[in-house]
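Asks: This one is final39.txt, compact mmCIF, C-alpha atoms.
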# COMPACT_ATOMS: atom_id res chain seq x y z
CA MET C 973 -6.48 -6.29 16.02
CA VAL C 974 -7.82 -5.52 12.53
CA LEU C 975 -11.30 -4.00 12.58
CA ILE C 976 -13.98 -3.91 9.89
CA THR C 977 -14.07 -0.21 9.03
CA GLU C 978 -16.20 1.72 6.56
CA GLU C 979 -13.05 2.52 4.58
CA LEU C 980 -12.25 -1.19 4.24
CA VAL C 981 -15.78 -2.06 3.15
CA ARG C 982 -15.86 0.72 0.55
CA LYS C 983 -12.46 -0.37 -0.75
CA LYS C 984 -13.80 -3.89 -1.27
CA SER C 985 -16.98 -2.65 -2.97
CA GLU C 986 -15.39 -1.06 -6.05
CA HIS C 987 -17.48 -3.35 -8.25
CA ASN C 988 -20.56 -1.56 -6.85
CA GLU C 989 -19.14 1.95 -7.36
CA CYS C 990 -18.16 2.00 -3.66
CA LEU C 991 -21.83 2.07 -2.59
CA ILE C 992 -22.21 -0.12 0.48
CA SER C 993 -25.92 0.30 1.20
CA THR C 994 -26.90 -1.63 -1.96
CA LEU C 995 -24.01 -4.10 -1.83
CA GLU C 996 -24.98 -7.73 -2.50
CA GLU C 997 -21.56 -9.39 -2.41
CA ILE C 998 -18.35 -8.57 -0.56
CA SER C 999 -15.06 -10.39 0.01
CA LEU C 1000 -13.12 -9.61 3.18
CA HIS C 1001 -10.77 -12.59 3.11
CA GLN C 1002 -7.15 -12.54 4.37
CA GLU C 1003 -7.54 -9.32 6.33
CA ASP C 1004 -6.69 -10.71 9.82
CA ILE C 1005 -10.18 -9.73 11.02
CA GLU C 1006 -10.93 -11.00 14.53
CA VAL C 1007 -14.47 -9.73 15.15
CA ILE C 1008 -17.50 -9.55 12.82
CA GLU C 1009 -19.13 -6.15 13.27
CA HIS C 1010 -20.95 -3.33 11.45
CA ILE C 1011 -21.63 -5.36 8.28
CA GLN C 1012 -25.26 -6.10 9.16
CA ASN C 1013 -25.92 -2.39 9.67
CA TRP C 1014 -24.12 -1.11 6.57
CA CYS C 1015 -24.97 -3.83 4.04
CA ARG C 1016 -28.51 -5.04 4.71
CA ASP C 1017 -28.92 -6.44 1.17
CA LEU C 1018 -25.90 -8.78 1.29
CA LYS C 1019 -26.38 -12.14 -0.39
CA ILE C 1020 -22.78 -13.38 -0.41
CA LEU C 1021 -20.32 -12.75 2.45
CA LEU C 1022 -16.78 -14.12 2.15
CA LEU C 1023 -14.75 -14.00 5.38
CA GLN C 1024 -12.36 -16.91 4.89
CA SER C 1025 -8.72 -16.88 6.03
CA ASN C 1026 -9.17 -14.50 8.95
CA LEU C 1027 -8.91 -14.82 12.74
CA ILE C 1028 -12.63 -14.76 13.60
CA ALA C 1029 -13.29 -16.56 16.88
CA ARG C 1030 -17.08 -16.27 17.01
CA LEU C 1031 -20.06 -16.04 14.67
CA GLU C 1032 -21.93 -12.89 15.70
CA ASN C 1033 -23.62 -9.71 14.49
CA LEU C 1034 -25.15 -11.35 11.41
CA HIS C 1035 -28.81 -11.74 12.44
CA LYS C 1036 -29.97 -8.67 10.44
CA LEU C 1037 -28.79 -10.10 7.11
CA LYS C 1038 -32.15 -11.54 6.08
CA ARG C 1039 -31.11 -11.97 2.42
CA LEU C 1040 -27.78 -13.66 3.07
CA GLU C 1041 -27.55 -16.85 1.00
CA TYR C 1042 -23.87 -17.85 1.19
CA LEU C 1043 -21.57 -17.40 4.19
CA ASN C 1044 -17.93 -18.51 3.92
CA VAL C 1045 -15.96 -18.42 7.19
CA ALA C 1046 -13.45 -21.15 6.34
CA ILE C 1047 -9.97 -21.10 7.92
CA ASN C 1048 -10.83 -19.11 11.04
CA ASN C 1049 -10.79 -19.74 14.81
CA ILE C 1050 -14.48 -20.63 15.26
CA GLU C 1051 -15.20 -23.28 17.93
CA ARG C 1052 -19.00 -23.52 17.80
CA VAL C 1053 -21.91 -22.77 15.45
CA GLU C 1054 -24.15 -20.00 16.79
CA ASN C 1055 -26.05 -16.77 16.12
CA LEU C 1056 -27.19 -17.66 12.59
CA GLU C 1057 -30.88 -18.17 13.34
CA GLY C 1058 -31.77 -14.75 11.90
CA CYS C 1059 -30.21 -15.49 8.51
CA GLU C 1060 -33.47 -16.77 7.05
CA SER C 1061 -32.25 -17.09 3.44
CA LEU C 1062 -28.97 -18.88 4.24
CA SER C 1063 -28.54 -21.80 1.83
CA LYS C 1064 -24.81 -22.55 2.05
CA LEU C 1065 -22.49 -22.38 5.06
CA ASP C 1066 -18.77 -23.13 4.74
CA LEU C 1067 -16.91 -23.75 8.03
CA THR C 1068 -13.92 -25.62 6.60
CA LEU C 1069 -10.73 -25.80 8.72
CA ASN C 1070 -11.98 -24.23 11.93
CA PHE C 1071 -11.83 -25.59 15.49
CA ILE C 1072 -15.43 -26.70 15.98
CA GLY C 1073 -15.51 -29.38 18.66
CA GLU C 1074 -19.00 -28.72 20.01
CA LEU C 1075 -20.87 -30.66 17.36
CA THR C 1076 -24.26 -30.32 19.07
CA SER C 1077 -24.08 -26.60 18.29
CA VAL C 1078 -25.25 -27.42 14.74
CA GLU C 1079 -28.71 -27.87 16.27
CA SER C 1080 -28.94 -24.05 16.22
CA LEU C 1081 -29.28 -24.35 12.42
CA CYS C 1082 -32.56 -26.29 12.60
CA GLY C 1083 -34.49 -23.06 12.06
CA ASN C 1084 -32.59 -22.21 8.87
CA HIS C 1085 -35.07 -23.99 6.60
CA ASN C 1086 -33.35 -22.86 3.38
CA LEU C 1087 -29.97 -24.35 4.34
CA ARG C 1088 -28.97 -26.89 1.70
CA GLU C 1089 -25.17 -27.18 1.93
CA LEU C 1090 -22.97 -27.42 5.03
CA VAL C 1091 -19.20 -27.93 5.02
CA LEU C 1092 -17.36 -28.91 8.23
CA ILE C 1093 -14.27 -30.53 6.70
CA GLY C 1094 -11.10 -30.11 8.78
CA ASN C 1095 -12.80 -29.54 12.15
CA PRO C 1096 -12.16 -31.72 15.22
CA CYS C 1097 -15.81 -32.78 15.27
CA VAL C 1098 -15.54 -34.73 12.01
CA ASP C 1099 -13.40 -37.28 13.85
CA PHE C 1100 -16.22 -38.10 16.28
CA PRO C 1101 -17.87 -41.49 15.69
CA HIS C 1102 -21.21 -41.27 13.82
CA TYR C 1103 -20.51 -37.61 13.04
CA ARG C 1104 -22.12 -37.67 9.60
CA ASP C 1105 -25.17 -39.65 10.69
CA TYR C 1106 -25.81 -37.24 13.54
CA VAL C 1107 -25.61 -34.10 11.37
CA VAL C 1108 -27.75 -35.64 8.60
CA ALA C 1109 -30.47 -36.59 11.10
CA THR C 1110 -30.30 -33.29 13.00
CA LEU C 1111 -30.60 -31.09 9.89
CA PRO C 1112 -33.19 -32.74 7.61
CA GLN C 1113 -33.19 -29.71 5.24
CA LEU C 1114 -29.63 -30.45 4.06
CA ASN C 1115 -28.99 -31.81 0.57
CA SER C 1116 -25.21 -31.99 0.89
CA LEU C 1117 -22.78 -32.41 3.79
CA ASP C 1118 -19.04 -31.89 3.27
CA CYS C 1119 -19.61 -31.71 -0.49
CA VAL C 1120 -21.18 -35.20 -0.53
CA GLU C 1121 -24.84 -35.58 -1.48
CA ILE C 1122 -27.19 -36.99 1.14
CA THR C 1123 -29.31 -39.89 -0.13
CA PRO C 1124 -32.83 -40.64 1.17
CA SER C 1125 -31.77 -44.05 2.47
CA GLU C 1126 -28.85 -42.50 4.36
CA ARG C 1127 -31.19 -39.99 5.98
CA LEU C 1128 -33.70 -42.68 7.06
CA GLN C 1129 -30.97 -44.80 8.61
CA ALA C 1130 -29.49 -41.78 10.42
CA LEU C 1131 -32.91 -40.82 11.85
CA ARG C 1132 -33.30 -44.31 13.38
CA GLN C 1133 -29.97 -44.02 15.19
CA LEU C 1134 -30.24 -40.34 16.16
CA THR C 1135 -30.84 -40.79 19.91
CA LYS C 1136 -28.03 -43.33 20.28
CA ASN C 1137 -25.59 -41.36 18.15
CA ARG C 1138 -26.33 -38.10 19.99
CA SER C 1139 -25.41 -39.59 23.35
CA ILE C 1140 -22.08 -40.76 21.89
CA ILE C 1141 -21.47 -37.34 20.35
CA VAL C 1142 -22.18 -35.58 23.67
CA GLN C 1143 -19.64 -37.78 25.46
CA LYS C 1144 -16.98 -37.21 22.80
CA GLN C 1145 -17.40 -33.45 22.75
CA ALA C 1146 -17.18 -33.40 26.58
CA ASP C 1147 -13.82 -35.18 26.29
CA HIS C 1148 -12.79 -32.68 23.63
CA THR C 1149 -13.75 -29.76 25.90
CA ILE C 1150 -11.50 -31.09 28.65
CA GLU C 1151 -8.62 -31.55 26.21
CA ARG C 1152 -9.19 -28.05 24.85
CA ASP C 1153 -9.05 -26.50 28.34
CA GLU C 1154 -5.81 -28.34 29.04
CA GLN C 1155 -4.46 -27.17 25.68
CA ARG C 1156 -5.23 -23.52 26.49
CA ILE C 1157 -3.26 -23.74 29.74
CA ARG C 1158 -0.37 -25.58 28.07
CA VAL C 1159 -0.16 -23.15 25.14
CA ALA C 1160 -0.28 -20.13 27.47
CA GLU C 1161 2.68 -21.53 29.43
CA GLN C 1162 4.60 -22.24 26.22
CA GLN C 1163 3.98 -18.75 24.88
CA SER C 1164 5.05 -17.19 28.16
CA ALA C 1165 8.29 -19.20 28.20
CA LEU C 1166 8.97 -18.37 24.56
CA ALA C 1167 8.39 -14.66 25.18
CA LYS C 1168 10.90 -14.67 28.06
CA ARG C 1169 13.46 -16.49 25.91
CA CYS C 1170 13.02 -14.07 23.00
CA ALA C 1171 13.22 -11.07 25.33
CA GLY C 1172 16.76 -12.10 26.29
CA ILE C 1173 17.93 -12.07 22.66
CA GLU C 1174 19.10 -8.64 21.54
CA ASP C 1175 19.55 -9.36 17.84
CA GLU C 1176 16.22 -9.03 16.03
CA GLU C 1177 16.99 -11.68 13.41
CA GLU C 1178 17.97 -14.22 16.08
CA ARG C 1179 14.82 -13.38 18.03
CA LEU C 1180 12.63 -13.99 15.00
CA LYS C 1181 14.51 -17.19 14.24
CA ALA C 1182 13.89 -18.44 17.78
CA PHE C 1183 10.16 -17.75 17.45
CA TRP C 1184 9.72 -19.50 14.09
CA GLN C 1185 11.79 -22.52 15.08
CA ALA C 1186 9.87 -23.10 18.34
CA LYS C 1187 7.47 -26.05 18.36
CA SER C 1188 3.79 -25.16 18.56
CA GLU C 1189 0.37 -26.79 18.58
CA HIS C 1190 -2.46 -26.26 16.12
CA CYS C 1191 -4.93 -24.10 18.00
CA PRO C 1192 -6.59 -20.66 17.73
CA GLU C 1193 -4.07 -18.99 20.07
CA ILE C 1194 -1.09 -20.05 17.94
CA ARG C 1195 -2.82 -18.97 14.71
CA THR C 1196 -3.46 -15.54 16.21
CA GLU C 1197 0.15 -15.19 17.36
CA ILE C 1198 1.53 -16.26 13.99
CA ALA C 1199 -0.70 -13.70 12.25
CA ARG C 1200 0.53 -11.02 14.66
CA GLN C 1201 4.15 -11.85 13.84
CA HIS C 1202 3.41 -11.69 10.10
CA ARG C 1203 1.73 -8.31 10.55
CA MET C 1204 4.67 -6.94 12.52
CA GLY C 1205 7.05 -8.19 9.83
CA ARG C 1206 5.07 -6.42 7.11
CA GLU C 1207 5.03 -3.21 9.12
CA ARG C 1208 8.81 -3.36 9.56
CA HIS C 1209 9.34 -3.76 5.83
CA GLU C 1210 6.83 -1.06 4.91
CA THR C 1211 8.19 1.50 7.36
CA LYS C 1212 10.41 3.98 5.54
CA SER C 1213 13.38 5.66 7.13
CA PRO C 1214 12.98 9.43 7.62
CA LEU C 1215 16.42 9.83 6.06
CA ASP C 1216 15.26 8.31 2.78
CA ALA C 1217 15.54 10.81 -0.04
CA PRO C 1218 12.23 11.84 -1.62
CA LYS C 1219 11.48 10.45 -5.04
CA GLN C 1220 13.05 12.70 -7.64
CA GLN C 1221 10.64 14.32 -10.06
CA ARG C 1222 11.53 13.90 -13.73
CA ASN C 1223 12.38 17.17 -15.45
CA LEU C 1224 10.41 17.96 -18.60
CA PHE C 1225 12.67 20.81 -19.73
CA ALA C 1226 16.39 21.41 -19.98
CA PRO C 1227 17.93 24.30 -17.98
CA CYS C 1228 17.88 26.39 -21.16
CA GLY C 1229 14.13 25.83 -21.56
CA ARG C 1230 14.32 23.27 -24.37
CA PRO C 1231 11.65 20.54 -23.94
CA TYR C 1232 12.87 16.97 -23.52
CA ASN C 1233 11.58 13.97 -25.47
CA LEU C 1234 9.96 11.62 -22.97
CA ASN C 1235 7.98 8.37 -23.11
CA GLN C 1236 7.27 7.12 -19.59
CA GLY C 1237 4.58 4.65 -20.68
CA LYS C 1238 6.80 3.23 -23.46
CA LEU C 1239 3.98 3.62 -25.96
CA PRO C 1240 4.76 2.83 -29.62
CA PHE C 1241 4.46 5.89 -31.85
CA THR C 1242 5.27 7.33 -35.27
CA PHE C 1243 6.16 10.95 -36.03
CA GLN C 1244 6.08 12.22 -39.61
CA ASP C 1245 7.49 15.55 -40.76
CA GLU C 1246 5.49 16.88 -43.69
CA ALA C 1247 5.85 20.19 -45.53
CA ASP C 1248 3.00 21.99 -43.80
CA HIS C 1249 2.35 19.84 -40.73
CA TYR C 1250 3.64 17.22 -38.29
CA LEU C 1251 1.71 13.98 -37.85
CA LEU C 1252 1.97 12.14 -34.52
CA GLN C 1253 0.35 8.71 -34.17
CA LEU C 1254 0.43 7.35 -30.61
CA GLU C 1255 -0.65 3.74 -30.03
CA VAL C 1256 -2.75 4.25 -26.90
CA TYR C 1257 -4.29 1.19 -25.21
CA ARG C 1258 -7.36 0.19 -27.17
CA HIS C 1259 -9.83 -0.14 -24.26
CA LEU C 1260 -8.53 2.82 -22.25
CA ASP C 1261 -11.16 5.38 -21.34
CA THR C 1262 -10.62 8.65 -23.21
CA SER C 1263 -11.13 10.57 -19.96
CA LEU C 1264 -7.75 9.22 -18.82
CA ILE C 1265 -5.96 10.90 -21.76
CA ASP C 1266 -4.90 14.55 -21.74
CA VAL C 1267 -3.28 16.25 -24.76
CA ASP C 1268 -1.43 19.57 -24.48
CA VAL C 1269 -0.23 21.08 -27.79
CA GLN C 1270 2.32 23.89 -27.54
CA THR C 1271 4.26 25.75 -30.20
CA LEU C 1272 7.46 23.72 -29.78
CA TYR C 1273 6.30 20.49 -28.10
CA THR C 1274 3.28 18.24 -27.55
CA ARG C 1275 2.60 16.49 -24.24
CA VAL C 1276 0.20 13.54 -23.92
CA THR C 1277 -0.61 12.26 -20.44
CA VAL C 1278 -1.92 8.67 -20.39
CA LYS C 1279 -2.91 7.38 -16.94
CA LYS C 1280 -0.54 9.86 -15.27
CA LYS C 1281 2.37 8.75 -17.49
CA ILE C 1282 3.81 11.47 -19.71
CA PHE C 1283 4.64 11.25 -23.41
CA GLN C 1284 6.36 14.40 -24.67
CA ILE C 1285 7.88 15.10 -28.06
CA ALA C 1286 9.66 18.26 -29.25
CA TYR C 1287 9.95 19.58 -32.79
CA ILE C 1288 12.16 22.16 -34.51
CA GLU C 1289 9.59 24.24 -36.35
CA GLU C 1290 6.80 26.08 -34.58
CA VAL C 1291 3.20 24.94 -34.94
CA LYS C 1292 -0.21 26.55 -34.55
CA PRO C 1293 -1.89 25.00 -31.48
CA ASP C 1294 -5.28 26.53 -32.31
CA GLU C 1295 -5.30 24.94 -35.80
CA SER C 1296 -4.01 21.53 -34.72
CA THR C 1297 -6.40 18.58 -34.42
CA VAL C 1298 -6.56 15.54 -32.13
CA GLN C 1299 -8.54 12.43 -33.08
CA ARG C 1300 -8.83 8.91 -31.71
CA SER C 1301 -9.65 5.82 -33.71
CA GLN C 1302 -12.78 3.96 -32.59
CA ILE C 1303 -11.34 0.70 -33.94
CA THR C 1304 -7.72 0.64 -32.74
CA GLY C 1305 -7.88 3.31 -30.03
CA HIS C 1306 -4.78 5.00 -31.45
CA LEU C 1307 -4.38 8.75 -31.01
CA MET C 1308 -3.77 10.89 -34.12
CA VAL C 1309 -2.40 14.42 -33.56
CA ARG C 1310 -2.07 16.68 -36.62
CA LEU C 1311 0.10 19.73 -35.88
CA LYS C 1312 -0.25 22.59 -38.35
CA LYS C 1313 3.10 24.31 -38.97
CA LEU C 1314 3.43 28.05 -38.63
CA LYS C 1315 5.50 28.23 -41.85
CA VAL C 1316 5.51 25.79 -44.72
CA ASN C 1317 8.86 24.04 -45.19
CA GLU C 1318 9.66 24.57 -48.86
CA LEU C 1319 12.53 22.10 -48.77
CA LEU C 1320 10.04 19.27 -48.32
CA LEU C 1321 7.85 20.33 -51.24
CA VAL C 1322 8.17 18.39 -54.45
CA LYS C 1323 10.10 20.34 -57.02
CA LYS C 1324 8.17 19.98 -60.25
CA SER C 1325 10.05 19.46 -63.50
CA PRO C 1326 9.21 21.63 -66.60
CA ALA C 1327 7.69 18.62 -68.33
CA LYS C 1328 5.33 17.98 -65.45
CA SER C 1329 4.41 21.66 -65.14
CA SER C 1330 3.57 21.92 -68.88
CA ALA C 1331 1.51 18.73 -69.06
CA PRO C 1332 0.31 17.74 -65.61
CA SER C 1333 -2.57 15.67 -66.95
CA ASP C 1334 -0.27 13.53 -69.11
CA ALA C 1335 2.07 12.91 -66.19
CA GLY C 1336 -0.79 11.85 -64.05
CA LYS C 1337 -1.99 9.39 -66.67
CA SER C 1338 1.43 7.92 -67.39
CA ASP C 1339 2.34 7.32 -63.75
CA GLY C 1340 -1.11 6.40 -62.54
CA LYS C 1341 -0.48 8.26 -59.25
CA PRO C 1342 -1.99 11.52 -58.09
CA GLU C 1343 0.19 14.54 -57.53
CA GLU C 1344 -0.39 14.34 -53.78
CA ALA C 1345 1.48 11.03 -53.68
CA PHE C 1346 4.77 12.96 -54.11
CA ARG C 1347 4.06 15.31 -51.21
CA GLY C 1348 6.67 15.04 -48.49
CA VAL C 1349 9.31 13.49 -50.82
CA VAL C 1350 12.48 15.48 -51.64
CA ASP C 1351 13.39 15.59 -55.33
CA ILE C 1352 17.12 14.91 -55.63
CA SER C 1353 17.22 14.55 -59.42
CA ASN C 1354 18.63 18.04 -59.97
CA ILE C 1355 21.13 18.03 -57.13
CA CYS C 1356 24.60 18.42 -58.63
CA ALA C 1357 27.93 17.94 -56.95
CA PRO C 1358 30.14 21.05 -56.68
CA GLU C 1359 33.05 21.29 -59.13
CA ASP C 1360 35.71 21.44 -56.43
CA LEU C 1361 34.55 18.26 -54.69
CA PRO C 1362 37.58 15.94 -54.30
CA ASP C 1363 37.49 12.32 -55.40
CA LEU C 1364 36.78 9.56 -52.88
CA ILE C 1365 39.90 7.91 -51.50
Step by step, read the file and then write its structure as structure tokens.
Replies:
Amino acid sequence: MVLITEELVRKKSEHNECLISTLEEISLHQEDIEVIEHIQNWCRDLKILLLQSNLIARLENLHKLKRLEYLNVAINNIERVENLEGCESLSKLDLTLNFIGELTSVESLCGNHNLRELVLIGNPCVDFPHYRDYVVATLPQLNSLDCVEITPSERLQALRQLTKNRSIIVQKQADHTIERDEQRIRVAEQQSALAKRCAGIEDEEERLKAFWQAKSEHCPEIRTEIARQHRMGRERHETKSPLDAPKQQRNLFAPCGRPYNLNQGKLPFTFQDEADHYLLQLEVYRHLDTSLIDVDVQTLYTRVTVKKKIFQIAYIEEVKPDESTVQRSQITGHLMVRLKKLKVNELLLVKKSPAKSSAPSDAGKSDGKPEEAFRGVVDISNICAPEDLPDLI
């Protein structure tokens, strides 16, 4: 049985910084919860409580939630409406697809004066004759029943027939109670026979096949058993063999100590090799919090950790970590790392011609480009082929 634990509640309250005492809304759907407990003590300020698609058999332990406005317990195993008198602010109650056959139990909601919407679609009680008229007359505070607005004329007509309709409802729900008791006995016998048959099957796959192919009725006991089988199946798949090898850690360095180039997050990047520095531009996610980024600049490599994923790049020439800079664009979010080289690479400097050295101002005027525009470009105009170079074949 799945219990409502403090760990589960805190996990579902991430939108409130995991603070449960001031929580106003929580969703605990599809958790296979069977009993409502602890919520009224931990979350007194709740306004919205979503418990749909569980295995809850009874409405209980909710009377301290004085501010609760919306309660959703659709698709559960509830058979009667009860224990909601203390929810003074309740305005909407969703009981879709449960097993409510005791329709007169809605009379317990007469004291919930703020109740405006009630949904009982998919319950056995909706098949009773005069079901809608009885509920409309019993709960005059309602504005909508089963997502259909209640008109004044409909309410007046239902009030006139309330006594007659209630007697019919009481008789029908008595018949339903007898059928439900017979169903409990019948389902218990079927489950016992099925368990004996499955116990004689050694192969696990055949045993599961026999269970899922067996005919069953729609009732709370079968829903609970199906959920138990699903839970056991998930546990079998999640269980890891002790012989499984541990996940291998990725090496960041070669055996000789040379750093590897690594991009676990597959982030786009550019890396420029200038004469006196390297320029690394890493396209980090635009809306990522800067606290999730860690930059480590070393003499022969730079490592950037983005959400626990490593980007590492190595370079040939040594850099000065203490003179390097790291900046992040406020517009694009990209990371700019400028790595100051220990020694200037003279091969990447522009080799000035005598004409340019004698008249730099004239060259600047004729070309219309500043001298810095040629930085990082290799001048190949004076490269000559050696005399002994053979002809191309």
Asks: Could you please determine the separation between atom CA of C:Asn1235 and atom CA of C:Val1316 in Å, to one decimal place?
Replies: 27.9 Å
Asks: Restricting the calculation to all atoms listed in the file, which member of C:Lys1136, C:Arg1222, C:Lys1312, C:Arg1200 is positioned closest to C:Ile1282?
Replies: C:Arg1222
Asks: May I ask for the distance between atom CA of C:Leu975 and atom CA of C:Lys1036, given in Å to one decimal place?
Replies: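 It comes out at 19.4 Å.
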Asks: Enter the distance from atom CA of C:Met1308 to atom CA of C:Lys1281, in Å, rounded to one decimal.
Replies: 17.9 Å
Asks: Tell me which protein, DNA and RNA residues are within 8 Å of C:Ile1020, counting all atoms listed in the file, leaving out same-chain ones fewer than 2 positions away, and put them as a PyMOL selection string.
Replies: chain C and resi 996-998+1018+1022+1040-1043
Asks: Using all atoms listed in the file, find each residue in stretch 1052-1160 of chain C having at least one atom no more than 10 Å away from stretch 1169-1189 of chain C; report its shortest atom-to-atom pair and that distance in Å (one decimal), rows by chain then rising number, as a tab-separated table.
Replies:
residue	atom	partner	partner_atom	distance
C:Gln1155	CA	C:Glu1189	CA	8.6
C:Arg1158	CA	C:Glu1189	CA	9.6
C:Val1159	CA	C:Glu1189	CA	7.5
Asks: With only C-alpha atoms as the basis for distance, which of C:Lys1038, C:Arg1310, C:Lys1279, C:His1249 is at the shortest distance from C:Ser1263?
Replies: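 Smallest distance to C:Ser1263 is found for C:Lys1279.
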Asks: Go through C:Leu991, C:Val974, C:Leu1031, C:Asp1268 and flag the residue nearest C:Asp1017, using all atoms listed in the file for the distances.
Replies: C:Leu991
Asks: Write out as a ChimeraX atom specification each polymer residue whose atoms come within 12 Å of C:Val1120, counting all atoms listed in the file; drop sequence neighbours fewer than 2 positions from it.
Replies: /C:1088-1093,1104,1108,1114-1118,1122-1123,1126
Asks: Would you give the centre and edge lengths, in Å to one decimal, of a box along x, y and z around the listed atoms of stretch 1001-1004 of chain C, with 4 Å added to each side, as lines of an AutoDock Vina configuration file?
Replies:
center_x = -8.7
center_y = -11.0
center_z = 6.5
size_x = 12.1
size_y = 11.3
size_z = 14.7
Asks: Tell me which of C:Gln1284, C:Thr1196, C:Asn1044, C:Ser985 sits closest to C:Leu1239, counting only C-alpha atoms.
Replies: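 Using only C-alpha atoms, C:Leu1239 sits closest to C:Gln1284.
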Asks: For C:Phe1225, list every protein, DNA or RNA residue within 12 Å, evaluated using all atoms listed in the file, and leave out those in the same chain fewer than 2 positions away; present the list as number ranges by chain.
Replies: C: 1221-1223, 1227-1234, 1272-1273, 1275, 1284-1286
Asks: Return the single residue from C:Ala1046, C:Phe1283, C:Asn1013, C:Ile1198 that is closest to C:Leu1065, with distances computed using only C-alpha atoms.
Replies: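 Checking each of C:Ala1046, C:Phe1283, C:Asn1013, C:Ile1198 against C:Leu1065, counting only C-alpha atoms, the winner is C:Ala1046.
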Asks: Would you please work out which residue, of C:Val1107, C:Cys1119, C:Leu1023, C:Leu1260, is nearest to C:Leu1134 when using all atoms listed in the file?
Replies: C:Val1107
Asks: Got a sec: who's within 9 Å of C:Lys1315, counting only C-alpha atoms, leaving out chain neighbours fewer than 5 positions off, as a list in words?
Replies: Ala1247, Asp1248, Glu1289, Glu1290 and Val1291 of chain C
Asks: Excluding same-chain residues fewer than 6 positions from C:Ala1130, what lies within 10 Å of it counting all atoms listed in the file, as an MDAnalysis selection string?
Replies: chainID C and resid 1102 1104:1110 1124 1137
Asks: My structure is short of atoms at stretch 1083-1095 of chain C; please model N, CA and C atoms there, returning them as a PDB file, in the coordinates of the input.
Replies:
ATOM      1  N   GLY C1083     -33.534 -24.061  12.523  1.00  0.00           N
ATOM      2  CA  GLY C1083     -34.490 -23.060  12.060  1.00  0.00           C
ATOM      3  C   GLY C1083     -34.146 -22.445  10.724  1.00  0.00           C
ATOM      4  N   ASN C1084     -32.985 -22.721  10.193  1.00  0.00           N
ATOM      5  CA  ASN C1084     -32.590 -22.210   8.870  1.00  0.00           C
ATOM      6  C   ASN C1084     -33.113 -23.178   7.804  1.00  0.00           C
ATOM      7  N   HIS C1085     -34.390 -23.011   7.453  1.00  0.00           N
ATOM      8  CA  HIS C1085     -35.070 -23.990   6.600  1.00  0.00           C
ATOM      9  C   HIS C1085     -34.551 -23.980   5.165  1.00  0.00           C
ATOM     10  N   ASN C1086     -33.875 -22.917   4.744  1.00  0.00           N
ATOM     11  CA  ASN C1086     -33.350 -22.860   3.380  1.00  0.00           C
ATOM     12  C   ASN C1086     -31.927 -23.398   3.262  1.00  0.00           C
ATOM     13  N   LEU C1087     -31.346 -23.845   4.368  1.00  0.00           N
ATOM     14  CA  LEU C1087     -29.970 -24.350   4.340  1.00  0.00           C
ATOM     15  C   LEU C1087     -29.916 -25.673   3.571  1.00  0.00           C
ATOM     16  N   ARG C1088     -29.078 -25.692   2.533  1.00  0.00           N
ATOM     17  CA  ARG C1088     -28.970 -26.890   1.700  1.00  0.00           C
ATOM     18  C   ARG C1088     -27.552 -27.494   1.723  1.00  0.00           C
ATOM     19  N   GLU C1089     -26.545 -26.676   1.958  1.00  0.00           N
ATOM     20  CA  GLU C1089     -25.170 -27.180   1.930  1.00  0.00           C
ATOM     21  C   GLU C1089     -24.439 -26.745   3.199  1.00  0.00           C
ATOM     22  N   LEU C1090     -23.770 -27.681   3.829  1.00  0.00           N
ATOM     23  CA  LEU C1090     -22.970 -27.420   5.030  1.00  0.00           C
ATOM     24  C   LEU C1090     -21.633 -28.120   4.874  1.00  0.00           C
ATOM     25  N   VAL C1091     -20.550 -27.375   5.146  1.00  0.00           N
ATOM     26  CA  VAL C1091     -19.200 -27.930   5.020  1.00  0.00           C
ATOM     27  C   VAL C1091     -18.486 -27.774   6.354  1.00  0.00           C
ATOM     28  N   LEU C1092     -18.075 -28.896   6.940  1.00  0.00           N
ATOM     29  CA  LEU C1092     -17.360 -28.910   8.230  1.00  0.00           C
ATOM     30  C   LEU C1092     -16.026 -29.631   8.115  1.00  0.00           C
ATOM     31  N   ILE C1093     -15.522 -29.794   6.918  1.00  0.00           N
ATOM     32  CA  ILE C1093     -14.270 -30.530   6.700  1.00  0.00           C
ATOM     33  C   ILE C1093     -13.130 -29.843   7.456  1.00  0.00           C
ATOM     34  N   GLY C1094     -12.268 -30.649   8.108  1.00  0.00           N
ATOM     35  CA  GLY C1094     -11.100 -30.110   8.780  1.00  0.00           C
ATOM     36  C   GLY C1094     -11.333 -29.644  10.187  1.00  0.00           C
ATOM     37  N   ASN C1095     -12.518 -29.881  10.757  1.00  0.00           N
ATOM     38  CA  ASN C1095     -12.800 -29.540  12.150  1.00  0.00           C
ATOM     39  C   ASN C1095     -12.622 -30.758  13.041  1.00  0.00           C
TER      40      ASN C1095
END
